[in-house]
>>> print(open('input-v3.cif').read())   # mmCIF, C-alpha atoms
data_final
#
loop_
_atom_site.group_PDB
_atom_site.id
_atom_site.type_symbol
_atom_site.label_atom_id
_atom_site.label_comp_id
_atom_site.auth_asym_id
_atom_site.auth_seq_id
_atom_site.Cartn_x
_atom_site.Cartn_y
_atom_site.Cartn_z
ATOM 1 C CA MET A 1020 -8.101 42.194 13.651
ATOM 2 C CA VAL A 1021 -6.726 38.905 14.956
ATOM 3 C CA ARG A 1022 -9.193 36.053 15.227
ATOM 4 C CA GLU A 1023 -9.138 33.684 18.134
ATOM 5 C CA THR A 1024 -8.205 30.253 16.893
ATOM 6 C CA TYR A 1025 -9.112 26.848 18.194
ATOM 7 C CA ARG A 1026 -6.161 24.531 18.755
ATOM 8 C CA TYR A 1027 -6.979 21.151 17.299
ATOM 9 C CA PRO A 1028 -5.396 18.096 18.916
ATOM 10 C CA LYS A 1029 -3.507 15.782 16.601
ATOM 11 C CA MET A 1030 -6.018 14.677 14.027
ATOM 12 C CA LEU A 1031 -6.716 11.484 12.207
ATOM 13 C CA GLU A 1032 -7.001 11.694 8.419
ATOM 14 C CA ILE A 1033 -10.792 11.566 8.544
ATOM 15 C CA GLU A 1034 -10.847 14.360 11.127
ATOM 16 C CA GLN A 1035 -8.611 16.490 8.920
ATOM 17 C CA ALA A 1036 -11.016 15.940 6.047
ATOM 18 C CA GLU A 1037 -14.004 16.873 8.220
ATOM 19 C CA ALA A 1038 -12.216 20.045 9.363
ATOM 20 C CA GLN A 1039 -11.643 21.023 5.728
ATOM 21 C CA LEU A 1040 -15.285 20.523 4.806
ATOM 22 C CA SER A 1041 -16.507 22.391 7.901
ATOM 23 C CA GLU A 1042 -14.230 25.304 7.055
ATOM 24 C CA LEU A 1043 -15.528 25.398 3.486
ATOM 25 C CA ASP A 1044 -19.098 25.538 4.791
ATOM 26 C CA LEU A 1045 -18.109 28.426 7.062
ATOM 27 C CA LEU A 1046 -16.378 30.265 4.210
ATOM 28 C CA ALA A 1047 -19.480 29.876 2.047
ATOM 29 C CA SER A 1048 -21.499 31.668 4.731
ATOM 30 C CA MET A 1049 -18.859 34.378 5.173
ATOM 31 C CA PHE A 1050 -18.481 35.005 1.428
ATOM 32 C CA PRO A 1051 -22.002 34.512 0.045
ATOM 33 C CA GLY A 1052 -21.804 36.983 -2.837
ATOM 34 C CA GLU A 1053 -21.547 35.968 -6.478
ATOM 35 C CA ASN A 1054 -17.896 35.184 -7.325
ATOM 36 C CA GLU A 1055 -16.751 35.882 -3.751
ATOM 37 C CA LEU A 1056 -16.032 32.191 -3.160
ATOM 38 C CA ILE A 1057 -15.326 30.016 -6.209
ATOM 39 C CA VAL A 1058 -14.646 26.288 -5.858
ATOM 40 C CA ASN A 1059 -12.176 25.803 -8.712
ATOM 41 C CA ASP A 1060 -12.018 22.026 -8.413
ATOM 42 C CA GLN A 1061 -15.467 20.531 -8.003
ATOM 43 C CA LEU A 1062 -14.118 16.998 -8.432
ATOM 44 C CA ALA A 1063 -11.821 17.376 -5.419
ATOM 45 C CA LEU A 1064 -14.716 18.636 -3.295
ATOM 46 C CA ALA A 1065 -16.871 15.709 -4.398
ATOM 47 C CA GLU A 1066 -14.061 13.299 -3.492
ATOM 48 C CA LEU A 1067 -13.702 14.934 -0.068
ATOM 49 C CA LYS A 1068 -17.415 14.569 0.693
ATOM 50 C CA ASP A 1069 -17.454 10.995 -0.559
ATOM 51 C CA CYS A 1070 -14.467 10.010 1.613
ATOM 52 C CA ILE A 1071 -16.052 11.546 4.708
ATOM 53 C CA GLU A 1072 -19.311 9.717 4.026
ATOM 54 C CA LYS A 1073 -17.491 6.401 3.543
ATOM 55 C CA ARG A 1074 -15.130 7.088 6.495
ATOM 56 C CA THR A 1075 -12.050 6.277 4.429
ATOM 57 C CA MET A 1076 -9.478 8.370 2.558
ATOM 58 C CA GLU A 1077 -8.951 5.707 -0.087
ATOM 59 C CA GLY A 1078 -9.746 7.010 -3.531
ATOM 60 C CA ARG A 1079 -8.984 10.628 -2.714
ATOM 61 C CA SER A 1080 -6.660 11.956 -5.422
ATOM 62 C CA SER A 1081 -7.123 15.740 -5.588
ATOM 63 C CA LYS A 1082 -6.592 18.586 -3.146
ATOM 64 C CA VAL A 1083 -9.473 20.957 -2.460
ATOM 65 C CA TYR A 1084 -8.870 24.156 -4.416
ATOM 66 C CA PHE A 1085 -10.899 27.377 -4.227
ATOM 67 C CA THR A 1086 -10.545 31.129 -4.686
ATOM 68 C CA ILE A 1087 -11.765 33.967 -2.465
ATOM 69 C CA ASN A 1088 -12.222 37.365 -4.140
ATOM 70 C CA MET A 1089 -12.319 40.449 -1.905
ATOM 71 C CA ASN A 1090 -12.865 44.081 -2.843
ATOM 72 C CA LEU A 1091 -10.691 46.135 -0.494
ATOM 73 C CA ASP A 1092 -10.438 49.867 0.170
ATOM 74 C CA ILE A 1093 -7.013 51.017 -1.013
ATOM 75 C CA SER A 1094 -7.732 54.694 -0.456
ATOM 76 C CA ALA A 1095 -10.591 56.930 0.640
ATOM 77 C CA GLU A 1096 -11.822 56.997 -2.967
ATOM 78 C CA ALA A 1097 -11.021 53.657 -4.539
ATOM 79 C CA MET A 1098 -11.375 49.924 -4.141
ATOM 80 C CA ALA A 1099 -9.529 47.028 -5.759
ATOM 81 C CA MET A 1100 -9.960 43.280 -5.930
ATOM 82 C CA PHE A 1101 -7.564 40.897 -4.203
ATOM 83 C CA SER A 1102 -7.852 37.172 -4.909
ATOM 84 C CA LEU A 1103 -6.697 34.391 -2.577
ATOM 85 C CA ALA A 1104 -6.130 31.103 -4.407
ATOM 86 C CA CYS A 1105 -6.252 28.407 -1.706
ATOM 87 C CA ILE A 1106 -5.200 24.759 -1.968
ATOM 88 C CA LEU A 1107 -5.736 22.495 1.039
ATOM 89 C CA PRO A 1108 -3.170 19.671 1.380
ATOM 90 C CA PHE A 1109 -4.603 16.335 2.493
ATOM 91 C CA LYS A 1110 -3.089 16.796 5.975
ATOM 92 C CA TYR A 1111 -4.416 20.343 6.453
ATOM 93 C CA PRO A 1112 -4.894 21.761 9.085
ATOM 94 C CA ALA A 1113 -1.907 19.843 10.488
ATOM 95 C CA VAL A 1114 0.112 21.546 7.722
ATOM 96 C CA LEU A 1115 -0.389 25.007 6.265
ATOM 97 C CA PRO A 1116 -2.622 25.609 3.264
ATOM 98 C CA GLU A 1117 -1.092 26.779 -0.001
ATOM 99 C CA ILE A 1118 -2.329 30.359 -0.434
ATOM 100 C CA THR A 1119 -1.399 32.744 -3.231
ATOM 101 C CA VAL A 1120 -2.658 36.335 -3.132
ATOM 102 C CA ARG A 1121 -2.948 38.206 -6.428
ATOM 103 C CA SER A 1122 -4.085 41.654 -7.522
ATOM 104 C CA VAL A 1123 -3.643 43.683 -10.681
ATOM 105 C CA LEU A 1124 -2.220 46.439 -8.442
ATOM 106 C CA LEU A 1125 0.743 44.335 -7.329
ATOM 107 C CA ASN A 1126 3.874 43.954 -9.383
ATOM 108 C CA ARG A 1127 5.765 40.677 -9.159
ATOM 109 C CA SER A 1128 8.113 41.676 -6.326
ATOM 110 C CA GLN A 1129 5.276 43.152 -4.253
ATOM 111 C CA GLN A 1130 3.167 40.039 -4.756
ATOM 112 C CA THR A 1131 6.080 37.805 -3.766
ATOM 113 C CA GLN A 1132 6.758 39.824 -0.615
ATOM 114 C CA LEU A 1133 3.092 39.884 0.383
ATOM 115 C CA ASN A 1134 2.778 36.119 0.002
ATOM 116 C CA THR A 1135 6.030 35.518 1.891
ATOM 117 C CA ASP A 1136 4.853 37.698 4.784
ATOM 118 C CA LEU A 1137 1.449 36.011 4.825
ATOM 119 C CA THR A 1138 3.077 32.572 5.043
ATOM 120 C CA THR A 1139 5.312 33.771 7.885
ATOM 121 C CA TYR A 1140 2.264 35.045 9.777
ATOM 122 C CA LEU A 1141 0.384 31.776 9.313
ATOM 123 C CA GLN A 1142 3.395 29.722 10.442
ATOM 124 C CA LYS A 1143 3.699 31.759 13.632
ATOM 125 C CA SER A 1144 0.027 32.104 14.480
ATOM 126 C CA CYS A 1145 -2.054 29.391 12.869
ATOM 127 C CA LEU A 1146 -0.099 26.157 12.304
ATOM 128 C CA GLY A 1147 -2.340 23.276 13.325
ATOM 129 C CA ASP A 1148 -5.528 25.332 13.019
ATOM 130 C CA VAL A 1149 -7.969 25.985 10.222
ATOM 131 C CA CYS A 1150 -6.795 29.403 9.133
ATOM 132 C CA ILE A 1151 -8.294 30.624 5.845
ATOM 133 C CA LEU A 1152 -10.374 33.281 7.631
ATOM 134 C CA ASN A 1153 -7.256 34.408 9.498
ATOM 135 C CA ALA A 1154 -5.531 34.747 6.134
ATOM 136 C CA THR A 1155 -8.365 36.854 4.700
ATOM 137 C CA ASP A 1156 -8.275 39.109 7.770
ATOM 138 C CA TRP A 1157 -4.512 39.543 7.434
ATOM 139 C CA VAL A 1158 -4.877 40.449 3.755
ATOM 140 C CA ARG A 1159 -7.616 42.980 4.557
ATOM 141 C CA GLU A 1160 -5.390 44.682 7.108
ATOM 142 C CA HIS A 1161 -2.044 44.578 5.286
ATOM 143 C CA ALA A 1162 -2.573 44.330 1.516
ATOM 144 C CA THR A 1163 -2.778 48.065 0.877
ATOM 145 C CA GLY A 1164 0.715 48.501 2.305
ATOM 146 C CA TYR A 1165 2.097 46.557 -0.670
ATOM 147 C CA VAL A 1166 0.206 48.445 -3.375
ATOM 148 C CA ARG A 1167 1.997 50.831 -5.700
ATOM 149 C CA ARG A 1168 0.511 54.225 -4.845
ATOM 150 C CA ASP A 1169 1.125 55.646 -8.316
ATOM 151 C CA ILE A 1170 -1.345 53.288 -10.010
ATOM 152 C CA THR A 1171 -4.328 53.691 -7.682
ATOM 153 C CA PRO A 1172 -7.316 53.109 -9.962
ATOM 154 C CA SER A 1173 -9.991 55.720 -10.521
ATOM 155 C CA PRO A 1174 -13.174 54.911 -8.637
ATOM 156 C CA THR A 1175 -16.131 53.629 -10.615
ATOM 157 C CA PRO A 1176 -19.217 55.664 -9.652
ATOM 158 C CA GLY A 1177 -21.891 53.559 -7.989
ATOM 159 C CA SER A 1178 -19.961 50.293 -8.244
ATOM 160 C CA THR A 1179 -17.316 48.468 -6.236
ATOM 161 C CA VAL A 1180 -17.427 45.254 -8.274
ATOM 162 C CA GLN A 1181 -15.215 44.540 -11.275
ATOM 163 C CA PRO A 1182 -17.290 44.504 -14.478
ATOM 164 C CA ALA A 1183 -17.285 41.103 -16.156
ATOM 165 C CA HIS A 1184 -15.551 42.335 -19.334
ATOM 166 C CA LEU A 1185 -12.531 43.350 -17.214
ATOM 167 C CA ILE A 1186 -12.025 39.900 -15.752
ATOM 168 C CA LEU A 1187 -9.814 37.492 -17.671
ATOM 169 C CA THR A 1188 -11.079 33.965 -17.113
ATOM 170 C CA ARG A 1189 -9.160 30.788 -17.882
ATOM 171 C CA LEU A 1190 -11.081 27.492 -17.747
ATOM 172 C CA TRP A 1191 -9.323 24.120 -17.617
ATOM 173 C CA ILE A 1192 -11.901 21.537 -18.650
ATOM 174 C CA TYR A 1193 -11.541 17.778 -18.161
ATOM 175 C CA SER A 1194 -13.444 15.200 -20.195
ATOM 176 C CA HIS A 1195 -13.356 11.412 -19.883
ATOM 177 C CA HIS A 1196 -12.556 11.387 -23.592
ATOM 178 C CA ILE A 1197 -12.858 13.521 -26.723
ATOM 179 C CA TYR A 1198 -13.036 11.463 -29.924
ATOM 180 C CA ASN A 1199 -16.097 12.672 -31.825
ATOM 181 C CA LYS A 1200 -15.145 14.753 -34.866
ATOM 182 C CA CYS A 1201 -18.272 16.913 -34.607
ATOM 183 C CA LYS A 1202 -17.495 17.821 -31.009
ATOM 184 C CA ARG A 1203 -13.902 18.624 -31.920
ATOM 185 C CA LYS A 1204 -15.147 20.886 -34.703
ATOM 186 C CA ASP A 1205 -17.635 22.606 -32.379
ATOM 187 C CA ILE A 1206 -14.890 23.300 -29.825
ATOM 188 C CA LEU A 1207 -12.702 24.963 -32.459
ATOM 189 C CA GLU A 1208 -15.560 26.989 -33.982
ATOM 190 C CA TRP A 1209 -17.005 28.167 -30.663
ATOM 191 C CA ALA A 1210 -13.607 29.301 -29.414
ATOM 192 C CA LYS A 1211 -13.104 31.248 -32.639
ATOM 193 C CA ASP A 1212 -16.608 32.763 -32.522
ATOM 194 C CA LEU A 1213 -16.100 33.916 -28.921
ATOM 195 C CA SER A 1214 -12.537 35.213 -29.501
ATOM 196 C CA LEU A 1215 -11.086 32.773 -27.002
ATOM 197 C CA SER A 1216 -7.520 31.496 -26.995
ATOM 198 C CA GLY A 1217 -6.213 28.213 -25.598
ATOM 199 C CA PHE A 1218 -6.185 24.646 -26.878
ATOM 200 C CA SER A 1219 -8.057 21.352 -26.994
ATOM 201 C CA MET A 1220 -6.419 17.937 -26.643
ATOM 202 C CA PRO A 1221 -8.525 15.105 -28.061
ATOM 203 C CA GLY A 1222 -8.134 11.542 -26.844
ATOM 204 C CA LYS A 1223 -8.518 9.882 -23.467
ATOM 205 C CA PRO A 1224 -8.681 11.896 -21.301
ATOM 206 C CA GLY A 1225 -9.673 15.015 -23.193
ATOM 207 C CA VAL A 1226 -8.457 18.443 -22.119
ATOM 208 C CA VAL A 1227 -9.789 21.857 -23.150
ATOM 209 C CA CYS A 1228 -8.398 25.204 -22.007
ATOM 210 C CA VAL A 1229 -10.089 28.466 -22.974
ATOM 211 C CA GLU A 1230 -9.145 31.974 -21.882
ATOM 212 C CA GLY A 1231 -10.612 35.379 -22.548
ATOM 213 C CA PRO A 1232 -13.332 37.697 -21.199
ATOM 214 C CA GLN A 1233 -15.280 36.078 -18.377
ATOM 215 C CA SER A 1234 -18.647 36.257 -20.155
ATOM 216 C CA ALA A 1235 -17.226 34.616 -23.293
ATOM 217 C CA CYS A 1236 -15.677 31.748 -21.309
ATOM 218 C CA GLU A 1237 -18.935 31.136 -19.473
ATOM 219 C CA GLU A 1238 -20.835 31.097 -22.780
ATOM 220 C CA PHE A 1239 -18.335 28.554 -24.147
ATOM 221 C CA TRP A 1240 -18.812 26.318 -21.094
ATOM 222 C CA SER A 1241 -22.595 26.656 -21.337
ATOM 223 C CA ARG A 1242 -22.516 25.382 -24.934
ATOM 224 C CA LEU A 1243 -19.956 22.644 -24.282
ATOM 225 C CA ARG A 1244 -21.659 21.067 -21.290
ATOM 226 C CA LYS A 1245 -24.935 20.690 -23.213
ATOM 227 C CA LEU A 1246 -23.338 18.148 -25.546
ATOM 228 C CA ASN A 1247 -23.558 14.458 -24.701
ATOM 229 C CA TRP A 1248 -20.531 13.520 -22.554
ATOM 230 C CA LYS A 1249 -19.666 10.479 -20.472
ATOM 231 C CA ARG A 1250 -18.062 12.901 -18.007
ATOM 232 C CA ILE A 1251 -17.023 16.550 -18.276
ATOM 233 C CA LEU A 1252 -16.217 19.176 -15.645
ATOM 234 C CA ILE A 1253 -14.237 22.339 -14.975
ATOM 235 C CA ARG A 1254 -11.127 20.984 -13.274
ATOM 236 C CA HIS A 1255 -9.527 24.366 -12.607
ATOM 237 C CA ARG A 1256 -10.641 27.973 -13.018
ATOM 238 C CA GLU A 1257 -8.710 31.227 -12.929
ATOM 239 C CA ASP A 1258 -10.351 34.651 -12.688
ATOM 240 C CA ILE A 1259 -7.927 37.572 -12.985
ATOM 241 C CA PRO A 1260 -9.449 41.024 -12.349
ATOM 242 C CA PHE A 1261 -8.278 44.156 -14.150
ATOM 243 C CA ASP A 1262 -8.683 47.809 -13.279
ATOM 244 C CA GLY A 1263 -7.226 48.960 -16.589
ATOM 245 C CA THR A 1264 -8.036 48.495 -20.250
ATOM 246 C CA ASN A 1265 -8.800 45.504 -22.407
ATOM 247 C CA ASP A 1266 -5.270 45.817 -23.817
ATOM 248 C CA GLU A 1267 -3.893 45.044 -20.355
ATOM 249 C CA MET A 1268 -6.159 42.012 -20.119
ATOM 250 C CA GLU A 1269 -5.036 40.759 -23.521
ATOM 251 C CA ARG A 1270 -1.396 40.868 -22.419
ATOM 252 C CA GLN A 1271 -2.204 38.394 -19.646
ATOM 253 C CA ARG A 1272 -3.269 35.649 -22.039
ATOM 254 C CA LYS A 1273 -1.064 32.554 -21.975
ATOM 255 C CA PHE A 1274 -2.033 31.520 -25.515
ATOM 256 C CA SER A 1275 -2.009 33.639 -28.668
ATOM 257 C CA ALA A 1276 -4.790 31.691 -30.436
ATOM 258 C CA PHE A 1277 -6.942 28.575 -30.053
ATOM 259 C CA GLU A 1278 -5.722 25.318 -31.556
ATOM 260 C CA GLU A 1279 -6.124 21.571 -31.326
ATOM 261 C CA LYS A 1280 -3.006 19.858 -29.937
ATOM 262 C CA VAL A 1281 -2.353 16.154 -30.404
ATOM 263 C CA PHE A 1282 0.341 14.525 -28.270
ATOM 264 C CA SER A 1283 0.038 10.940 -29.434
ATOM 265 C CA VAL A 1284 1.748 7.956 -27.868
ATOM 266 C CA ASN A 1285 3.412 5.734 -30.486
ATOM 267 C CA GLU A 1286 0.643 3.176 -30.777
ATOM 268 C CA ALA A 1287 -1.770 2.050 -33.427
ATOM 269 C CA ARG A 1288 -5.008 3.598 -32.190
ATOM 270 C CA GLY A 1289 -3.536 6.927 -31.139
ATOM 271 C CA ASN A 1290 -6.301 7.497 -28.578
ATOM 272 C CA HIS A 1291 -4.113 7.933 -25.514
ATOM 273 C CA MET A 1292 -2.093 11.097 -25.127
ATOM 274 C CA ASP A 1293 1.574 11.490 -24.196
ATOM 275 C CA PHE A 1294 1.402 13.344 -20.873
ATOM 276 C CA GLY A 1295 5.107 14.167 -21.009
ATOM 277 C CA GLN A 1296 4.539 16.160 -24.195
ATOM 278 C CA LEU A 1297 1.484 17.812 -22.668
ATOM 279 C CA TYR A 1298 3.469 18.873 -19.597
ATOM 280 C CA GLN A 1299 6.266 20.307 -21.751
ATOM 281 C CA PHE A 1300 3.694 22.258 -23.752
ATOM 282 C CA LEU A 1301 2.031 23.640 -20.614
ATOM 283 C CA ASN A 1302 5.370 24.466 -19.018
ATOM 284 C CA ALA A 1303 6.438 26.426 -22.090
ATOM 285 C CA LYS A 1304 3.228 28.466 -21.769
ATOM 286 C CA GLY A 1305 3.845 29.184 -18.072
ATOM 287 C CA CYS A 1306 1.106 26.781 -16.986
ATOM 288 C CA GLY A 1307 3.148 23.844 -15.720
ATOM 289 C CA ASP A 1308 1.619 24.047 -12.231
ATOM 290 C CA VAL A 1309 -1.809 23.238 -13.680
ATOM 291 C CA PHE A 1310 -0.625 19.742 -14.641
ATOM 292 C CA GLN A 1311 -0.507 18.574 -11.024
ATOM 293 C CA MET A 1312 -3.883 20.164 -10.244
ATOM 294 C CA PHE A 1313 -5.308 18.376 -13.282
ATOM 295 C CA PHE A 1314 -3.863 14.894 -12.867
ATOM 296 C CA GLY A 1315 -2.648 14.754 -9.244
ATOM 297 C CA VAL A 1316 0.972 14.043 -10.190
ATOM 298 C CA GLU A 1317 3.956 16.244 -10.935
ATOM 299 C CA GLY A 1318 4.851 16.666 -14.582
ATOM 300 C CA GLN A 1319 8.141 15.570 -16.057
#
>>> encode(input="input-v3.cif", output="structure tokens")
Amino acid sequence: MVRETYRYPKMLEIEQAEAQLSELDLLASMFPGENELIVNDQLALAELKDCIEKRTMEGRSSKVYFTINMNLDISAEAMAMFSLACILPFKYPAVLPEITVRSVLLNRSQQTQLNTDLTTYLQKSCLGDVCILNATDWVREHATGYVRRDITPSPTPGSTVQPAHLILTRLWIYSHHIYNKCKRKDILEWAKDLSLSGFSMPGKPGVVCVEGPQSACEEFWSRLRKLNWKRILIRHREDIPFDGTNDEMERQRKFSAFEEKVFSVNEARGNHMDFGQLYQFLNAKGCGDVFQMFFGVEGQ
């Protein structure tokens, strides 16, 4: 199915922002189910709304980032989840969105080819238009052609939704600062109790990353947010569905355990962190792209 698209005239920055927010509202109505549409970066959405209200783009530092999860028929007997991670550049829809499609059924080469073909389609058909719905339609129609037929999952009787214990969640949490020794101890103990891996970085700002079963990550966040913070939020969230076993999920972890990491700048107080060291650490773990989502600048 090809959707009819509206050709926007050349937009001002404020009009581009309004188009992004209007599209998000539309997507929320099209994907109303739990976990169908996840806004991964609530701060960026808040900034977008604030800039539109104030009629100025000054102060906007983060791109809107969200994920759409779709259960698609891959055969007459089985369904599988495909996730579209979408980042909207400031100038979108004048430029294309950054969309990455993932599924446990796709190996790396299949995923790369699918995403390349999707980008080609959007460049030919949608440049200058809001196009996330067009992208979801294209994925619905074409994704199964990229799936390895020999690993079609067995259907789950009476259910087409991934159970929570077969979703690996990774939360990237931003805090204005983390100094308090009791909080730092709680973070370490809760991660251990819930069998989560990742790291915490005390200082200003404070960073916490936890990964593991979805329910355990959500319990960790529920406990953490109840503490007294000047400011704390989930800056980035990843939900990776699995049709296989818990062993397969465990192999997707980026971190082998949970630890506190201190990347101190050479100064007396030691409160401010060395972002260069943090970026090198994340890059070594295969998470270097998160640095820009977190801080709005490219790591070095």
>>> resolve_selection(input="input-v3.cif", expression="the PyMOL selection byres ((chain A and resi 1300-1307) around 12)", output="MDAnalysis selection string")
chainID A and resid 1189 1191 1217:1218 1220 1226 1228 1255 1257 1271:1275 1280:1282 1293:1299 1308:1314 1316:1319
>>> residues_around(input="input-v3.cif", residues="Ile1192 of chain A", least_positions_apart="4", cutoff="9 Å", atoms="all atoms listed in the file", output="MDAnalysis selection string")
chainID A and resid 1225:1229 1240 1251:1256
>>> atom_distance(input="input-v3.cif", atom1="atom CA of Leu1213 of chain A", atom2="atom CA of Lys1200 of chain A")
20.1 Å
>>> atom_distance(input="input-v3.cif", atom1="atom CA of Lys1202 of chain A", atom2="atom CA of Gly1222 of chain A")
12.0 Å
>>> resolve_selection(input="input-v3.cif", expression="the PyMOL selection byres ((chain A and resi 1116) around 6)", output="compact mmCIF listing (two decimals) with C-alpha atoms, in the coordinates of the input")
# COMPACT_ATOMS: atom_id res chain seq x y z
CA ILE A 1106 -5.20 24.76 -1.97
CA LEU A 1107 -5.74 22.50 1.04
CA LEU A 1115 -0.39 25.01 6.26
CA GLU A 1117 -1.09 26.78 0.00
>>> closest_residue(input="input-v3.cif", among="A:Asn1247, A:Gln1130, A:Ser1241, A:Gln1035", to="Ala1162 of chain A", atoms="all atoms listed in the file")
A:Gln1130
>>> resolve_selection(input="input-v3.cif", expression="the PyMOL selection byres ((chain A and resi 1114) around 12)", output="ChimeraX atom specification")
/A:1027,1029-1030,1035,1039,1106-1113,1115-1117,1138,1141-1142,1145-1150
>>> closest_residue(input="input-v3.cif", among="A:Leu1062, A:Arg1242, A:Leu1215, A:Thr1163", to="Ser1080 of chain A", atoms="only C-alpha atoms")
A:Leu1062
>>> atom_distance(input="input-v3.cif", atom1="atom CA of Ser1216 of chain A", atom2="atom CA of Asn1059 of chain A")
19.7 Å
>>> residues_around(input="input-v3.cif", residues="Lys1249 of chain A", least_positions_apart="4", cutoff="12 Å", atoms="all atoms listed in the file", output="VMD selection string")
chain A and resid 1193 to 1198 1223 to 1225 1244 to 1245
>>> closest_residue(input="input-v3.cif", among="A:Ile1087, A:Ala1036, A:Asp1092, A:Asp1044", to="Ala1063 of chain A", atoms="all atoms listed in the file")
A:Ala1036
>>> closest_residue(input="input-v3.cif", among="A:Met1049, A:Leu1207, A:Ala1097, A:Val1120", to="Asn1134 of chain A", atoms="all atoms listed in the file")
A:Val1120
>>> closest_residue(input="input-v3.cif", among="A:Thr1086, A:Ser1094, A:Asn1199, A:Thr1119", to="Val1166 of chain A", atoms="all atoms listed in the file")
A:Ser1094
>>> residues_around(input="input-v3.cif", residues="Glu1077 of chain A", least_positions_apart="6", cutoff="12 Å", atoms="only C-alpha atoms", output="PyMOL selection string")
chain A and resi 1032-1033+1066-1067+1069-1071+1109
